>>> print(open('work18.cif').read())   # mmCIF, C-alpha atoms
data_coords
#
loop_
_atom_site.label_atom_id
_atom_site.label_comp_id
_atom_site.auth_asym_id
_atom_site.auth_seq_id
_atom_site.Cartn_x
_atom_site.Cartn_y
_atom_site.Cartn_z
CA MET P 73 -49.42 111.00 -94.89
CA LYS P 74 -50.25 113.51 -97.65
CA LYS P 75 -48.25 114.20 -100.78
CA VAL P 76 -46.00 117.23 -100.90
CA ASP P 77 -47.31 120.58 -102.13
CA TYR P 78 -46.52 120.31 -105.85
CA THR P 79 -47.56 123.91 -106.54
CA LEU P 80 -44.80 125.14 -104.24
CA MET P 81 -42.24 122.65 -105.53
CA PHE P 82 -42.76 123.35 -109.24
CA SER P 83 -42.95 127.13 -108.72
CA VAL P 84 -39.52 127.03 -107.06
CA ILE P 85 -38.06 124.86 -109.84
CA ILE P 86 -39.54 127.03 -112.62
CA ILE P 87 -38.24 130.29 -111.15
CA THR P 88 -34.80 128.75 -110.65
CA ILE P 89 -34.63 127.51 -114.25
CA PHE P 90 -35.59 131.01 -115.37
CA GLY P 91 -32.83 132.25 -113.07
CA LEU P 92 -30.31 129.96 -114.79
CA VAL P 93 -31.34 131.38 -118.17
CA MET P 94 -30.91 134.93 -116.86
CA ILE P 95 -27.59 134.15 -115.16
CA SER P 96 -26.32 132.87 -118.49
CA SER P 97 -27.64 135.90 -120.35
CA SER P 98 -26.47 138.49 -117.83
CA SER P 99 -23.03 137.03 -117.09
CA TYR P 100 -21.57 135.73 -120.34
CA VAL P 101 -19.87 139.03 -121.26
CA TRP P 102 -18.24 139.38 -117.85
CA ALA P 103 -17.41 135.63 -117.66
CA GLU P 104 -15.75 135.70 -121.08
CA TYR P 105 -13.63 138.67 -120.03
CA LYS P 106 -12.71 137.36 -116.57
CA PHE P 107 -12.43 133.59 -117.09
CA ASN P 108 -12.28 133.22 -120.90
CA ASN P 109 -15.38 131.05 -120.53
CA PRO P 110 -18.78 132.67 -121.18
CA TYR P 111 -20.57 129.83 -119.39
CA LYS P 112 -18.50 129.90 -116.18
CA TYR P 113 -21.26 131.29 -113.95
CA LEU P 114 -23.96 129.17 -115.59
CA ILE P 115 -21.96 125.97 -115.07
CA ASN P 116 -21.24 126.78 -111.42
CA GLN P 117 -24.87 127.63 -110.72
CA GLY P 118 -26.03 124.58 -112.65
CA ILE P 119 -23.92 122.31 -110.44
CA PHE P 120 -25.41 123.87 -107.33
CA PHE P 121 -28.89 123.59 -108.85
CA ILE P 122 -28.47 119.82 -109.17
CA LEU P 123 -27.12 119.60 -105.60
CA SER P 124 -30.01 121.78 -104.43
CA LEU P 125 -32.60 119.56 -106.10
CA ILE P 126 -31.08 116.52 -104.37
CA SER P 127 -31.06 118.36 -101.03
CA MET P 128 -34.70 119.44 -101.43
CA TYR P 129 -35.79 115.89 -102.29
CA VAL P 130 -33.88 114.28 -99.41
CA VAL P 131 -34.99 116.84 -96.84
CA SER P 132 -38.62 116.58 -97.98
CA LYS P 133 -38.47 112.86 -97.11
CA ILE P 134 -36.94 113.32 -93.64
CA ASP P 135 -39.35 114.00 -90.77
CA TYR P 136 -39.01 117.67 -89.79
CA LYS P 137 -39.10 116.64 -86.11
CA ILE P 138 -35.43 115.68 -86.49
CA LEU P 139 -34.70 119.41 -86.83
CA TYR P 140 -36.38 119.92 -83.46
CA LYS P 141 -34.08 117.33 -81.90
CA TYR P 142 -30.82 118.74 -83.33
CA SER P 143 -31.60 122.48 -83.34
CA LYS P 144 -28.83 123.22 -80.81
CA VAL P 145 -26.30 121.34 -82.92
CA PHE P 146 -27.22 123.37 -86.02
CA ILE P 147 -26.88 126.73 -84.28
CA LEU P 148 -23.57 125.71 -82.67
CA ILE P 149 -22.12 124.64 -86.03
CA VAL P 150 -23.18 127.94 -87.60
CA ILE P 151 -21.63 129.98 -84.77
CA ILE P 152 -18.33 128.10 -85.21
CA MET P 153 -18.46 128.69 -88.99
CA LEU P 154 -19.16 132.40 -88.54
CA ILE P 155 -16.18 132.70 -86.20
CA LEU P 156 -13.83 130.73 -88.46
CA VAL P 157 -14.74 132.65 -91.62
CA ILE P 158 -13.55 136.00 -90.19
CA ILE P 159 -10.09 134.56 -89.40
CA PRO P 160 -7.53 135.61 -92.06
CA GLY P 161 -6.18 132.57 -93.86
CA ILE P 162 -9.39 130.61 -93.32
CA GLY P 163 -12.05 132.95 -94.66
CA THR P 164 -11.79 134.34 -98.19
CA VAL P 165 -12.31 138.02 -99.02
CA ARG P 166 -14.73 138.81 -101.84
CA ASN P 167 -16.00 142.28 -102.69
CA GLY P 168 -14.49 143.65 -99.49
CA SER P 169 -16.10 141.10 -97.11
CA ARG P 170 -14.48 138.08 -95.50
CA SER P 171 -17.66 136.04 -95.83
CA TRP P 172 -16.59 132.92 -97.68
CA PHE P 173 -14.83 129.59 -97.36
CA GLY P 174 -13.01 129.01 -100.64
CA ILE P 175 -13.35 125.43 -101.88
CA GLY P 176 -11.69 125.02 -105.27
CA GLY P 177 -13.43 127.36 -107.68
CA PHE P 178 -16.49 127.56 -105.43
CA GLY P 179 -17.30 129.52 -102.30
CA ILE P 180 -19.43 128.62 -99.29
CA GLN P 181 -21.02 131.50 -97.36
CA PRO P 182 -21.81 130.47 -93.75
CA SER P 183 -24.05 133.50 -93.14
CA GLU P 184 -26.56 131.91 -95.56
CA PHE P 185 -26.72 128.83 -93.34
CA ALA P 186 -27.14 131.08 -90.29
CA LYS P 187 -30.56 132.19 -91.57
CA LEU P 188 -31.94 128.65 -91.53
CA ALA P 189 -30.19 127.71 -88.30
CA ILE P 190 -31.71 130.63 -86.37
CA ILE P 191 -35.15 129.78 -87.77
CA ILE P 192 -34.88 126.16 -86.61
CA PHE P 193 -33.54 127.06 -83.17
CA ALA P 194 -35.98 129.94 -82.61
CA SER P 195 -38.94 127.79 -83.73
CA LYS P 196 -38.09 125.15 -81.15
CA TYR P 197 -37.41 127.68 -78.38
CA LEU P 198 -40.56 129.73 -79.01
CA SER P 199 -42.73 126.62 -79.19
CA GLU P 200 -41.47 125.61 -75.72
CA ASN P 201 -41.14 129.01 -74.01
CA LYS P 202 -44.16 131.27 -74.31
CA ASN P 203 -43.14 133.64 -71.51
CA SER P 204 -39.41 134.04 -72.14
CA ARG P 205 -38.61 135.18 -75.66
CA LEU P 206 -35.76 137.66 -75.13
CA PRO P 207 -32.97 135.00 -75.37
CA ILE P 208 -33.89 134.56 -79.04
CA LEU P 209 -33.48 138.29 -79.66
CA PHE P 210 -30.08 138.25 -77.93
CA LEU P 211 -29.00 135.23 -79.98
CA GLY P 212 -30.07 137.02 -83.15
CA LEU P 213 -28.08 140.11 -82.15
CA PHE P 214 -25.05 137.91 -81.42
CA LEU P 215 -25.21 136.32 -84.87
CA PHE P 216 -25.76 139.77 -86.38
CA GLY P 217 -22.58 140.94 -84.64
CA LEU P 218 -20.57 138.03 -86.05
CA ILE P 219 -21.88 138.71 -89.55
CA MET P 220 -21.06 142.42 -89.22
CA LEU P 221 -17.44 141.51 -88.47
CA GLN P 222 -17.16 140.22 -92.05
CA PRO P 223 -18.84 142.78 -92.74
CA ASP P 224 -22.17 141.88 -94.44
CA PHE P 225 -24.81 144.40 -93.43
CA GLY P 226 -27.49 143.17 -95.84
CA THR P 227 -27.41 139.54 -94.67
CA GLY P 228 -27.29 140.71 -91.06
CA MET P 229 -30.43 142.80 -91.59
CA VAL P 230 -32.27 139.86 -93.16
CA LEU P 231 -31.36 137.67 -90.17
CA ILE P 232 -32.57 140.26 -87.67
CA MET P 233 -35.85 140.70 -89.55
CA ILE P 234 -36.37 136.92 -89.46
CA VAL P 235 -35.95 136.96 -85.67
CA VAL P 236 -38.26 139.97 -85.23
CA SER P 237 -40.91 138.35 -87.45
CA LEU P 238 -40.85 135.13 -85.43
CA LEU P 239 -41.09 137.07 -82.17
CA PHE P 240 -44.06 138.97 -83.58
CA ILE P 241 -46.09 135.89 -84.53
CA SER P 242 -45.19 134.29 -81.19
CA GLY P 243 -47.25 136.99 -79.46
CA MET P 244 -44.82 139.71 -78.35
CA LYS P 245 -46.50 143.04 -77.56
CA ILE P 246 -46.37 145.89 -80.06
CA SER P 247 -44.71 148.15 -77.45
CA PHE P 248 -41.74 145.77 -77.42
CA PHE P 249 -41.24 146.19 -81.17
CA ILE P 250 -41.49 149.97 -80.89
CA ARG P 251 -38.65 149.95 -78.36
CA ILE P 252 -36.65 147.51 -80.49
CA GLY P 253 -37.27 149.69 -83.54
CA LEU P 254 -35.89 152.75 -81.77
CA LEU P 255 -32.83 150.81 -80.64
CA GLY P 256 -32.44 149.52 -84.19
CA VAL P 257 -32.45 153.03 -85.63
CA ILE P 258 -29.77 154.07 -83.12
CA GLY P 259 -27.73 150.94 -83.90
CA ILE P 260 -27.95 151.43 -87.67
CA THR P 261 -26.95 155.08 -87.28
CA ILE P 262 -23.86 154.04 -85.32
CA LEU P 263 -22.97 151.39 -87.94
CA ILE P 264 -23.28 154.01 -90.68
CA LEU P 265 -21.14 156.54 -88.81
CA ILE P 266 -18.30 154.09 -88.09
CA ALA P 267 -18.13 152.87 -91.71
CA PRO P 268 -17.78 155.73 -94.25
CA TYR P 269 -18.70 153.51 -97.20
CA ARG P 270 -22.18 152.97 -95.74
CA LEU P 271 -22.66 156.74 -95.47
CA LYS P 272 -21.63 157.03 -99.12
CA ARG P 273 -24.29 154.48 -100.02
CA ILE P 274 -26.91 156.52 -98.17
CA LEU P 275 -25.87 159.71 -99.92
CA SER P 276 -25.75 158.00 -103.32
CA PHE P 277 -29.24 156.65 -102.68
CA LEU P 278 -30.56 160.15 -101.95
CA ASN P 279 -28.84 161.61 -105.01
CA PRO P 280 -26.94 159.00 -107.08
CA TRP P 281 -26.08 161.59 -109.74
CA SER P 282 -23.95 163.49 -107.21
CA ASP P 283 -21.30 160.78 -107.72
CA PRO P 284 -22.32 159.01 -110.94
CA LEU P 285 -18.97 157.23 -111.40
CA GLY P 286 -18.56 156.30 -107.74
CA SER P 287 -21.07 155.48 -105.04
CA GLY P 288 -24.08 156.21 -107.28
CA PHE P 289 -22.85 154.13 -110.23
CA GLN P 290 -24.74 150.87 -109.53
CA ILE P 291 -28.09 152.51 -108.86
CA ILE P 292 -27.87 154.69 -111.99
CA GLN P 293 -26.90 151.76 -114.23
CA SER P 294 -29.69 149.66 -112.72
CA LEU P 295 -32.25 152.35 -113.54
CA TYR P 296 -30.80 152.65 -117.06
CA ALA P 297 -31.41 148.90 -117.45
CA ILE P 298 -34.99 149.01 -116.17
CA GLY P 299 -36.03 152.13 -118.12
CA PRO P 300 -35.77 150.88 -121.74
CA GLY P 301 -37.50 147.56 -120.98
CA GLY P 302 -40.97 148.78 -121.82
CA LEU P 303 -43.75 146.22 -122.08
CA PHE P 304 -41.90 143.25 -123.62
CA GLY P 305 -38.25 144.22 -123.16
CA LEU P 306 -35.32 144.24 -125.57
CA GLY P 307 -35.34 140.45 -125.89
CA LEU P 308 -33.36 137.66 -124.27
CA GLY P 309 -29.65 138.30 -124.61
CA ASN P 310 -30.08 141.89 -125.83
CA SER P 311 -29.29 143.76 -122.61
CA VAL P 312 -27.01 146.75 -123.06
CA GLN P 313 -26.17 147.25 -119.38
CA LYS P 314 -24.53 143.84 -118.96
CA HIS P 315 -21.75 145.02 -121.30
CA PHE P 316 -19.56 146.28 -118.41
CA TYR P 317 -21.98 149.05 -117.39
CA LEU P 318 -23.75 147.29 -114.53
CA PRO P 319 -21.08 145.54 -112.39
CA GLU P 320 -21.54 141.74 -112.12
CA PRO P 321 -25.21 141.88 -113.11
CA GLN P 322 -25.75 138.17 -112.40
CA THR P 323 -25.79 138.76 -108.63
CA ASP P 324 -27.59 141.54 -106.73
CA PHE P 325 -28.92 143.34 -109.82
CA ILE P 326 -30.14 140.43 -111.94
CA PHE P 327 -33.69 141.80 -111.70
CA ALA P 328 -32.54 144.89 -113.60
CA ILE P 329 -31.41 142.68 -116.49
CA ILE P 330 -34.69 140.74 -116.35
CA SER P 331 -36.54 144.06 -116.62
CA GLU P 332 -34.34 145.19 -119.50
CA GLU P 333 -34.64 141.99 -121.54
CA PHE P 334 -38.23 140.96 -120.70
CA GLY P 335 -39.80 144.29 -119.76
CA PHE P 336 -42.97 144.58 -117.71
CA LEU P 337 -43.99 141.07 -118.81
CA GLY P 338 -40.88 139.63 -117.15
CA ILE P 339 -41.60 141.57 -113.98
CA ILE P 340 -45.16 140.17 -113.88
CA ILE P 341 -43.98 136.58 -114.43
CA VAL P 342 -41.36 136.79 -111.69
CA SER P 343 -43.84 138.46 -109.33
CA ILE P 344 -46.46 135.75 -109.91
CA LEU P 345 -43.92 133.00 -109.21
CA PHE P 346 -42.76 134.65 -105.99
CA LEU P 347 -46.35 135.24 -104.84
CA THR P 348 -47.19 131.61 -105.56
CA ILE P 349 -44.23 130.44 -103.48
CA ILE P 350 -45.10 132.78 -100.60
CA ILE P 351 -48.86 132.09 -100.59
CA SER P 352 -48.33 128.31 -100.83
CA SER P 353 -45.88 128.45 -97.92
CA ILE P 354 -48.23 130.55 -95.78
CA ASN P 355 -51.07 128.08 -96.42
CA ILE P 356 -48.83 125.22 -95.28
CA ALA P 357 -47.87 127.16 -92.13
CA LEU P 358 -51.51 127.88 -91.29
CA LYS P 359 -52.40 124.20 -91.60
CA SER P 360 -49.42 122.96 -89.58
CA LYS P 361 -50.40 120.73 -86.69
CA ASP P 362 -47.87 121.95 -84.11
CA LEU P 363 -46.24 125.23 -83.08
CA PHE P 364 -42.72 124.16 -84.06
CA SER P 365 -43.63 123.42 -87.68
CA LYS P 366 -45.82 126.53 -87.85
CA TYR P 367 -42.97 128.79 -86.70
CA LEU P 368 -40.55 126.90 -88.93
CA VAL P 369 -42.52 127.47 -92.12
CA PHE P 370 -43.46 131.05 -91.24
CA GLY P 371 -39.78 131.82 -90.51
CA ILE P 372 -38.63 130.49 -93.88
CA THR P 373 -41.46 132.33 -95.64
CA PHE P 374 -40.59 135.63 -93.90
CA TRP P 375 -36.96 135.13 -94.90
CA ILE P 376 -37.73 134.62 -98.60
CA SER P 377 -40.32 137.44 -98.62
CA PHE P 378 -38.18 140.02 -96.85
CA GLN P 379 -35.03 139.25 -98.84
CA THR P 380 -36.98 139.46 -102.10
CA ILE P 381 -38.55 142.80 -101.19
CA LEU P 382 -35.20 144.16 -99.99
CA ASN P 383 -33.46 143.24 -103.22
CA LEU P 384 -36.18 144.67 -105.45
CA MET P 385 -36.25 147.92 -103.48
CA VAL P 386 -32.49 148.29 -104.01
CA VAL P 387 -32.72 147.57 -107.75
CA VAL P 388 -35.40 150.23 -108.33
CA GLY P 389 -33.61 152.76 -106.11
CA LEU P 390 -36.02 152.87 -103.15
CA ILE P 391 -33.35 152.02 -100.57
CA PRO P 392 -29.52 152.11 -100.52
CA VAL P 393 -27.50 149.20 -101.90
CA THR P 394 -27.41 146.39 -99.32
CA GLY P 395 -25.65 143.55 -101.15
CA VAL P 396 -28.63 141.19 -100.73
CA THR P 397 -29.29 138.73 -103.56
CA LEU P 398 -32.66 137.88 -105.13
CA PRO P 399 -33.76 134.41 -103.92
CA PHE P 400 -33.69 131.61 -106.56
CA LEU P 401 -32.68 134.03 -109.33
CA SER P 402 -29.34 135.61 -108.40
CA TYR P 403 -26.04 133.81 -108.88
CA GLY P 404 -24.84 132.19 -105.65
CA GLY P 405 -24.43 128.51 -104.87
CA SER P 406 -24.65 128.75 -101.08
CA SER P 407 -27.83 130.78 -101.28
CA LEU P 408 -29.49 128.39 -103.73
CA LEU P 409 -28.51 125.29 -101.75
CA ILE P 410 -29.82 126.59 -98.43
CA LEU P 411 -33.00 127.96 -100.05
CA TYR P 412 -33.78 124.58 -101.60
CA THR P 413 -33.02 122.84 -98.31
CA SER P 414 -35.49 125.23 -96.66
CA ILE P 415 -38.13 124.54 -99.31
CA GLY P 416 -37.54 120.83 -98.68
CA ILE P 417 -38.40 121.44 -95.02
CA ILE P 418 -41.64 123.21 -95.98
CA LEU P 419 -42.53 120.35 -98.36
CA ASN P 420 -41.92 117.87 -95.57
CA VAL P 421 -44.19 119.82 -93.22
CA SER P 422 -46.86 119.83 -95.95
CA ARG P 423 -46.96 116.03 -95.73
CA TYR P 424 -48.20 116.29 -92.14
CA GLN P 425 -50.89 118.94 -92.61
CA ILE P 426 -54.19 118.66 -90.75
#
>>> encode(input="work18.cif", output="structure tokens")
Amino acid sequence: MKKVDYTLMFSVIIITIFGLVMISSSSYVWAEYKFNNPYKYLINQGIFFILSLISMYVVSKIDYKILYKYSKVFILIVIIMLILVIIPGIGTVRNGSRSWFGIGGFGIQPSEFAKLAIIIFASKYLSENKNSRLPILFLGLFLFGLIMLQPDFGTGMVLIMIVVSLLFISGMKISFFIRIGLLGVIGITILILIAPYRLKRILSFLNPWSDPLGSGFQIIQSLYAIGPGGLFGLGLGNSVQKHFYLPEPQTDFIFAIISEEFGFLGIIIVSILFLTIIISSINIALKSKDLFSKYLVFGITFWISFQTILNLMVVVGLIPVTGVTLPFLSYGGSSLLILYTSIGIILNVSRYQI
């Protein structure tokens, strides 16, 4: 048995530590105001970082074939969690979405676990069924529907893209994806029409200055953060936009604060770390000795890649605000824990490479 891929492991740890530094820098003003504790977000994320490290280590030691055996159990648990979280009195509302289970001062977001569960289940199914792939698409749409009841459009889109990516590498014809794409456009149009706030986001994306204090506020403040960064930034801790201009900058828009405080240099560093994680994961997938592990690692890699690209496109104003966090960097315990668990799976697969 080989050793784990240390390049992947240390790249993930380094980018997360940098994320902790930026969460502290970007959130202390808001945390002081809201909780009378400037380190509130840093402490919470630090606790989840320790738990995540433990999870990654443990999972990297457990044979990934166990996931194959219990894939149905994982997807069933996630479906139950997604149903329970939308029930008033059980799920907690945050930022207009009933997406959380409140546990003390922490929150657990089941839709984050749904991403990994669908990857595990789809990897097993696709490795066994080469001529019948549509059930995976229907399962993905079902989970998307449950997530939209919260509602959480951004997470739902990431999940659907994971499913589509896995179907693509499993050998589905291009014509199938063209039809699915057309149906997707129709579906997204309907979702936008039935929820006025989504239409506002579209309009604010096209012209954020048409409503600078309303729907266009976040995008404008994000661009104001990125603009002054220059080559080396304003310096760690010197962001202007985190002073109540950019709402809760430690979450979806943390990259804007990174750009403001570290400039183009910070962007390059973050980009190199993400590329290292993605390339290392792809290499592990290509060397995997069975279809299940190959799909498993590719699925996790697609998830991290797509969510990263989606977040960055929002921050620089290329697409409307989706509410998707930046992997490893944004504040969010559930996200960090499930990401590290997923990296643990990839590290375990790396032990069994050809």
>>> atom_distance(input="work18.cif", atom1="atom CA of P:Leu239", atom2="atom CA of P:Met153")
25.1 Å
>>> atom_distance(input="work18.cif", atom1="atom CA of P:Phe82", atom2="atom CA of P:Val369")
17.6 Å
>>> residues_near_point(input="work18.cif", point="(-30.2, 135.4, -118.1)", cutoff="12 Å", atoms="all atoms listed in the file", output="ChimeraX atom specification")
/P:87-101,111,113-114,117,307-311,314,321-323,325-334,338,401-403
>>> residues_around(input="work18.cif", residues="stretch 203-212 of chain P", least_positions_apart="5", cutoff="7 Å", atoms="all atoms listed in the file", output="PyMOL selection string")
chain P and resi 194+198+232+235
>>> resolve_selection(input="work18.cif", expression="the PyMOL selection byres ((chain P and resi 376-384) around 9)", output="ChimeraX atom specification")
/P:226-227,230,233-234,324-325,327-328,346-347,350,371-375,385-391,393-399,411
>>> write_last_selection(input="work18.cif", atoms="C-alpha atoms", output="PDB file, in the frame of the given file")
ATOM      1  CA  GLY P 226     -27.490 143.170 -95.840  1.00  0.00           C
ATOM      2  CA  THR P 227     -27.410 139.540 -94.670  1.00  0.00           C
ATOM      3  CA  VAL P 230     -32.270 139.860 -93.160  1.00  0.00           C
ATOM      4  CA  MET P 233     -35.850 140.700 -89.550  1.00  0.00           C
ATOM      5  CA  ILE P 234     -36.370 136.920 -89.460  1.00  0.00           C
ATOM      6  CA  ASP P 324     -27.590 141.540-106.730  1.00  0.00           C
ATOM      7  CA  PHE P 325     -28.920 143.340-109.820  1.00  0.00           C
ATOM      8  CA  PHE P 327     -33.690 141.800-111.700  1.00  0.00           C
ATOM      9  CA  ALA P 328     -32.540 144.890-113.600  1.00  0.00           C
ATOM     10  CA  PHE P 346     -42.760 134.650-105.990  1.00  0.00           C
ATOM     11  CA  LEU P 347     -46.350 135.240-104.840  1.00  0.00           C
ATOM     12  CA  ILE P 350     -45.100 132.780-100.600  1.00  0.00           C
ATOM     13  CA  GLY P 371     -39.780 131.820 -90.510  1.00  0.00           C
ATOM     14  CA  ILE P 372     -38.630 130.490 -93.880  1.00  0.00           C
ATOM     15  CA  THR P 373     -41.460 132.330 -95.640  1.00  0.00           C
ATOM     16  CA  PHE P 374     -40.590 135.630 -93.900  1.00  0.00           C
ATOM     17  CA  TRP P 375     -36.960 135.130 -94.900  1.00  0.00           C
ATOM     18  CA  MET P 385     -36.250 147.920-103.480  1.00  0.00           C
ATOM     19  CA  VAL P 386     -32.490 148.290-104.010  1.00  0.00           C
ATOM     20  CA  VAL P 387     -32.720 147.570-107.750  1.00  0.00           C
ATOM     21  CA  VAL P 388     -35.400 150.230-108.330  1.00  0.00           C
ATOM     22  CA  GLY P 389     -33.610 152.760-106.110  1.00  0.00           C
ATOM     23  CA  LEU P 390     -36.020 152.870-103.150  1.00  0.00           C
ATOM     24  CA  ILE P 391     -33.350 152.020-100.570  1.00  0.00           C
ATOM     25  CA  VAL P 393     -27.500 149.200-101.900  1.00  0.00           C
ATOM     26  CA  THR P 394     -27.410 146.390 -99.320  1.00  0.00           C
ATOM     27  CA  GLY P 395     -25.650 143.550-101.150  1.00  0.00           C
ATOM     28  CA  VAL P 396     -28.630 141.190-100.730  1.00  0.00           C
ATOM     29  CA  THR P 397     -29.290 138.730-103.560  1.00  0.00           C
ATOM     30  CA  LEU P 398     -32.660 137.880-105.130  1.00  0.00           C
ATOM     31  CA  PRO P 399     -33.760 134.410-103.920  1.00  0.00           C
ATOM     32  CA  LEU P 411     -33.000 127.960-100.050  1.00  0.00           C
TER      33      LEU P 411
END
>>> closest_residue(input="work18.cif", among="P:Leu213, P:Ile180, P:Ile115, P:Ile85", to="P:Ile415", atoms="all atoms listed in the file")
P:Ile85
>>> atom_distance(input="work18.cif", atom1="atom CA of P:Leu123", atom2="atom CA of P:Gly416")
12.6 Å
>>> closest_residue(input="work18.cif", among="P:Tyr424, P:Tyr412, P:Phe107, P:Phe193", to="P:Lys74", atoms="only C-alpha atoms")
P:Tyr424
>>> resolve_selection(input="work18.cif", expression="the PyMOL selection byres ((chain P and resi 303) around 7)", output="PDB file with C-alpha atoms, keeping the file's coordinate frame")
ATOM      1  CA  GLY P 301     -37.500 147.560-120.980  1.00  0.00           C
ATOM      2  CA  GLY P 302     -40.970 148.780-121.820  1.00  0.00           C
ATOM      3  CA  PHE P 304     -41.900 143.250-123.620  1.00  0.00           C
ATOM      4  CA  GLY P 305     -38.250 144.220-123.160  1.00  0.00           C
ATOM      5  CA  GLY P 335     -39.800 144.290-119.760  1.00  0.00           C
ATOM      6  CA  PHE P 336     -42.970 144.580-117.710  1.00  0.00           C
ATOM      7  CA  LEU P 337     -43.990 141.070-118.810  1.00  0.00           C
TER       8      LEU P 337
END
>>> resolve_selection(input="work18.cif", expression="the PyMOL selection byres ((chain P and resi 78) around 12)", output="PDB file with C-alpha atoms, in the frame of the given file")
ATOM      1  CA  LYS P  74     -50.250 113.510 -97.650  1.00  0.00           C
ATOM      2  CA  LYS P  75     -48.250 114.200-100.780  1.00  0.00           C
ATOM      3  CA  VAL P  76     -46.000 117.230-100.900  1.00  0.00           C
ATOM      4  CA  ASP P  77     -47.310 120.580-102.130  1.00  0.00           C
ATOM      5  CA  THR P  79     -47.560 123.910-106.540  1.00  0.00           C
ATOM      6  CA  LEU P  80     -44.800 125.140-104.240  1.00  0.00           C
ATOM      7  CA  MET P  81     -42.240 122.650-105.530  1.00  0.00           C
ATOM      8  CA  PHE P  82     -42.760 123.350-109.240  1.00  0.00           C
ATOM      9  CA  SER P  83     -42.950 127.130-108.720  1.00  0.00           C
ATOM     10  CA  VAL P  84     -39.520 127.030-107.060  1.00  0.00           C
ATOM     11  CA  ILE P  85     -38.060 124.860-109.840  1.00  0.00           C
ATOM     12  CA  ILE P  86     -39.540 127.030-112.620  1.00  0.00           C
ATOM     13  CA  SER P 132     -38.620 116.580 -97.980  1.00  0.00           C
ATOM     14  CA  THR P 348     -47.190 131.610-105.560  1.00  0.00           C
ATOM     15  CA  ILE P 349     -44.230 130.440-103.480  1.00  0.00           C
ATOM     16  CA  SER P 352     -48.330 128.310-100.830  1.00  0.00           C
ATOM     17  CA  SER P 353     -45.880 128.450 -97.920  1.00  0.00           C
ATOM     18  CA  ILE P 356     -48.830 125.220 -95.280  1.00  0.00           C
ATOM     19  CA  ILE P 415     -38.130 124.540 -99.310  1.00  0.00           C
ATOM     20  CA  GLY P 416     -37.540 120.830 -98.680  1.00  0.00           C
ATOM     21  CA  ILE P 418     -41.640 123.210 -95.980  1.00  0.00           C
ATOM     22  CA  LEU P 419     -42.530 120.350 -98.360  1.00  0.00           C
ATOM     23  CA  ASN P 420     -41.920 117.870 -95.570  1.00  0.00           C
ATOM     24  CA  SER P 422     -46.860 119.830 -95.950  1.00  0.00           C
ATOM     25  CA  ARG P 423     -46.960 116.030 -95.730  1.00  0.00           C
TER      26      ARG P 423
END
>>> closest_residue(input="work18.cif", among="P:Gly161, P:Pro392, P:Gly404, P:Pro300", to="P:Leu278", atoms="all atoms listed in the file")
P:Pro392
>>> closest_residue(input="work18.cif", among="P:Ala103, P:Ile175, P:Ile260, P:Ile149", to="P:Ala189", atoms="only C-alpha atoms")
P:Ile149
>>> closest_residue(input="work18.cif", among="P:Tyr142, P:Arg166, P:Gln222, P:Asp283", to="P:Lys196", atoms="only C-alpha atoms")
P:Tyr142
>>> closest_residue(input="work18.cif", among="P:Ile126, P:Ile119, P:Ile291, P:Leu221", to="P:Gly163", atoms="only C-alpha atoms")
P:Leu221
>>> residues_around(input="work18.cif", residues="stretch 364-366 of chain P", least_positions_apart="3", cutoff="7 Å", atoms="only C-alpha atoms", output="PyMOL selection string")
chain P and resi 195-196+199+357-358+360+369-370+421
>>> residues_around(input="work18.cif", residues="P:Lys187", least_positions_apart="4", cutoff="7 Å", atoms="all atoms listed in the file", output="compact mmCIF listing (two decimals) with C-alpha atoms, in the frame of the given file")
# COMPACT_ATOMS: atom_id res chain seq x y z
CA SER P 183 -24.05 133.50 -93.14
CA ILE P 191 -35.15 129.78 -87.77
CA LEU P 231 -31.36 137.67 -90.17
